[in-house]
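Novice: After the structure tokens below, expect a handful of questions from me.
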Amino acid sequence: MSYRARDFMSRNFVTFAPDMDVLEAVRMITDFNISGGPVVDSQGSLVGVLSEIDCARAVIQASYHESRGGHVREFMRTDFKTVDVDDSIMHVAKLFGEQTHFYYRGFPVLKHSRVVGRITLRNVLRAFDTMSQEARKGGR
């Protein structure tokens, strides 16, 4: 069986708004125990991604300047990769393998240019575990 991103992506995921206070985003990341997520505008279009390390930079800056922190748009990344719902799990795994930044643990999943999910490295590992289990059952 050929697995796709849609088979293992998370459909329940946290999104951030560009105008959101970055310290609110920090709270959401810690409350939901996530590594980050997509930033979408009021029309639902993907405009960036926010990670834990981006939030750490915001917190450091806020502490250093004794300020409130700023908005998500000031700290989000606009240079990022996405995955299509129909991309193979192997393709997604290769994208993770090509990453040079340890903080990039998830990709927004798009369908017709709209964010419909998020796929993490853990989701990909789960896919490979599932494939391995199926192979063992079929090989008996």
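We name chains A, B, ... following the order of the structure tokens; residues begin at 1 in each chain, and ligands are numbered from 1 as shown.
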Using DSSP on the backbone coordinates, identify all residues within chain A classified as strand (DSSP E); present the result as number ranges by chain.

Specialist: A: 36-40, 46-51, 83-84, 106-111, 114-120

Novice: Atoms to include: N, CA and C atoms. Write the selected residues as a compact mmCIF listing (two decimals), in the first residue's frame.

Specialist:
# COMPACT_ATOMS: atom_id res chain seq x y z
N GLY A 36 5.14 23.99 17.12
CA GLY A 36 4.86 25.16 16.28
C GLY A 36 3.67 24.87 15.39
N GLY A 37 3.52 25.72 14.37
CA GLY A 37 2.40 25.51 13.46
C GLY A 37 2.32 26.59 12.40
N PRO A 38 1.35 26.43 11.50
CA PRO A 38 1.19 27.39 10.41
C PRO A 38 0.59 28.71 10.90
N VAL A 39 0.96 29.77 10.20
CA VAL A 39 0.40 31.10 10.44
C VAL A 39 -0.49 31.40 9.23
N VAL A 40 -1.76 31.67 9.50
CA VAL A 40 -2.72 31.93 8.41
C VAL A 40 -3.34 33.31 8.59
N LEU A 46 -2.01 30.59 3.95
CA LEU A 46 -0.77 30.35 4.67
C LEU A 46 0.21 31.49 4.38
N VAL A 47 0.67 32.16 5.43
CA VAL A 47 1.60 33.27 5.26
C VAL A 47 2.93 33.05 5.98
N GLY A 48 3.01 32.00 6.81
CA GLY A 48 4.25 31.73 7.51
C GLY A 48 4.13 30.51 8.40
N VAL A 49 5.21 30.20 9.09
CA VAL A 49 5.21 29.16 10.12
C VAL A 49 5.91 29.72 11.34
N LEU A 50 5.46 29.27 12.49
CA LEU A 50 6.04 29.70 13.75
C LEU A 50 6.48 28.46 14.52
N SER A 51 7.73 28.48 14.98
CA SER A 51 8.27 27.33 15.71
C SER A 51 8.64 27.74 17.13
N VAL A 83 3.79 20.56 2.18
CA VAL A 83 3.54 19.23 1.65
C VAL A 83 2.13 19.23 1.07
N ASP A 84 1.93 18.55 -0.02
CA ASP A 84 0.60 18.37 -0.59
C ASP A 84 -0.02 17.12 0.01
N GLY A 106 7.76 20.01 11.53
CA GLY A 106 6.46 19.79 10.92
C GLY A 106 6.29 20.64 9.68
N PHE A 107 5.49 20.12 8.75
CA PHE A 107 5.18 20.86 7.53
C PHE A 107 3.68 21.10 7.45
N PRO A 108 3.28 22.29 7.01
CA PRO A 108 1.86 22.49 6.70
C PRO A 108 1.49 21.59 5.52
N VAL A 109 0.31 20.99 5.56
CA VAL A 109 -0.17 20.15 4.47
C VAL A 109 -1.25 20.93 3.74
N LEU A 110 -1.07 21.04 2.42
CA LEU A 110 -1.98 21.84 1.61
C LEU A 110 -2.81 20.98 0.67
N LYS A 111 -4.01 21.46 0.41
CA LYS A 111 -4.87 20.91 -0.63
C LYS A 111 -5.45 22.11 -1.36
N ARG A 114 -4.70 25.49 0.27
CA ARG A 114 -5.28 25.76 1.59
C ARG A 114 -4.70 24.78 2.60
N VAL A 115 -4.44 25.28 3.81
CA VAL A 115 -3.90 24.42 4.87
C VAL A 115 -5.01 23.49 5.36
N VAL A 116 -4.77 22.19 5.25
CA VAL A 116 -5.76 21.20 5.69
C VAL A 116 -5.20 20.29 6.78
N GLY A 117 -3.92 20.45 7.09
CA GLY A 117 -3.32 19.59 8.10
C GLY A 117 -1.89 19.99 8.37
N ARG A 118 -1.28 19.21 9.23
CA ARG A 118 0.13 19.38 9.57
C ARG A 118 0.71 17.99 9.74
N ILE A 119 1.88 17.79 9.17
CA ILE A 119 2.53 16.49 9.31
C ILE A 119 3.88 16.70 9.99
N THR A 120 4.10 15.88 11.01
CA THR A 120 5.32 15.99 11.79
C THR A 120 6.23 14.79 11.51

Novice: Using only C-alpha atoms, find each residue of stretch 3-81 of chain A with at least one atom at most 12 Å away from an atom of stretch 121-137 of chain A; report its shortest atom-to-atom pair and that distance in Å (one decimal), sort the rows by chain and rising residue number, and return the result as a tab-separated table.

Specialist:
residue	atom	partner	partner_atom	distance
A:Tyr3	CA	A:Ala127	CA	7.6
A:Arg4	CA	A:Ala127	CA	9.2
A:Ala5	CA	A:Val124	CA	8.4
A:Arg6	CA	A:Asn123	CA	10.6
A:Asp7	CA	A:Ala127	CA	8.4
A:Phe8	CA	A:Asn123	CA	5.7
A:Met9	CA	A:Asn123	CA	6.5
A:Ser10	CA	A:Asn123	CA	8.1
A:Arg11	CA	A:Asn123	CA	11.7
A:Ile34	CA	A:Arg122	CA	11.8
A:Ser35	CA	A:Leu121	CA	11.0

Novice: Kindly export the residues of the current selection with C-alpha atoms, as a compact mmCIF listing (two decimals), in the first residue's frame.

Specialist:
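part35.txt, freshly written:
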# COMPACT_ATOMS: atom_id res chain seq x y z
CA TYR A 3 0.71 5.87 1.96
CA ARG A 4 0.21 9.58 1.42
CA ALA A 5 0.53 12.61 3.69
CA ARG A 6 -3.26 12.64 4.07
CA ASP A 7 -3.13 9.21 5.74
CA PHE A 8 -0.95 10.32 8.66
CA MET A 9 -1.25 14.11 8.92
CA SER A 10 -2.94 15.73 11.86
CA ARG A 11 -6.27 17.26 10.91
CA ILE A 34 3.36 21.40 20.13
CA SER A 35 6.54 22.45 18.35

Novice: May I have the residues within 6 Å of stretch 69-72 of chain A as a PyMOL selection string, using only C-alpha atoms and disregarding those fewer than 4 positions away in the same chain?

Specialist: chain A and resi 18-22+58+62+76

Novice: So how far away is atom CA of A:Val85 from atom CA of A:Thr30, in Å?

Specialist: 27.1 Å

Novice: So, with only C-alpha atoms as the atoms that count, which of A:Leu23, A:Ala56, A:Tyr64, A:Ser2 lies closest to A:Asp86?

Specialist: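 Once distances to A:Asp86 are computed over only C-alpha atoms, the minimum belongs to A:Ser2.
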
Novice: So that I can check the secondary structure, give me every residue of chain A assigned alpha helix (DSSP H) by backbone DSSP, as JSON, numbers by chain.

Specialist: {"A": [5, 6, 7, 8, 22, 23, 24, 25, 26, 27, 28, 29, 30, 31, 52, 53, 54, 55, 56, 57, 58, 59, 60, 61, 62, 63, 64, 65, 89, 90, 91, 92, 93, 94, 95, 96, 97, 98, 121, 122, 123, 124, 125, 126, 127, 128, 129, 130, 131, 132, 133, 134, 135, 136, 137, 138]}

Novice: Record the distance separating atom CA of A:Ala25 and atom CA of A:Asp79, expressed in Å with one decimal.

Specialist: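 According to the coordinates, atom CA of A:Ala25 and atom CA of A:Asp79 are separated by 19.3 Å.
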
Novice: Rounded to one decimal in Å, what is the spacing between atom CA of A:Asp54 and atom CA of A:Arg77?

Specialist: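 These two atoms are separated by 8.0 Å.
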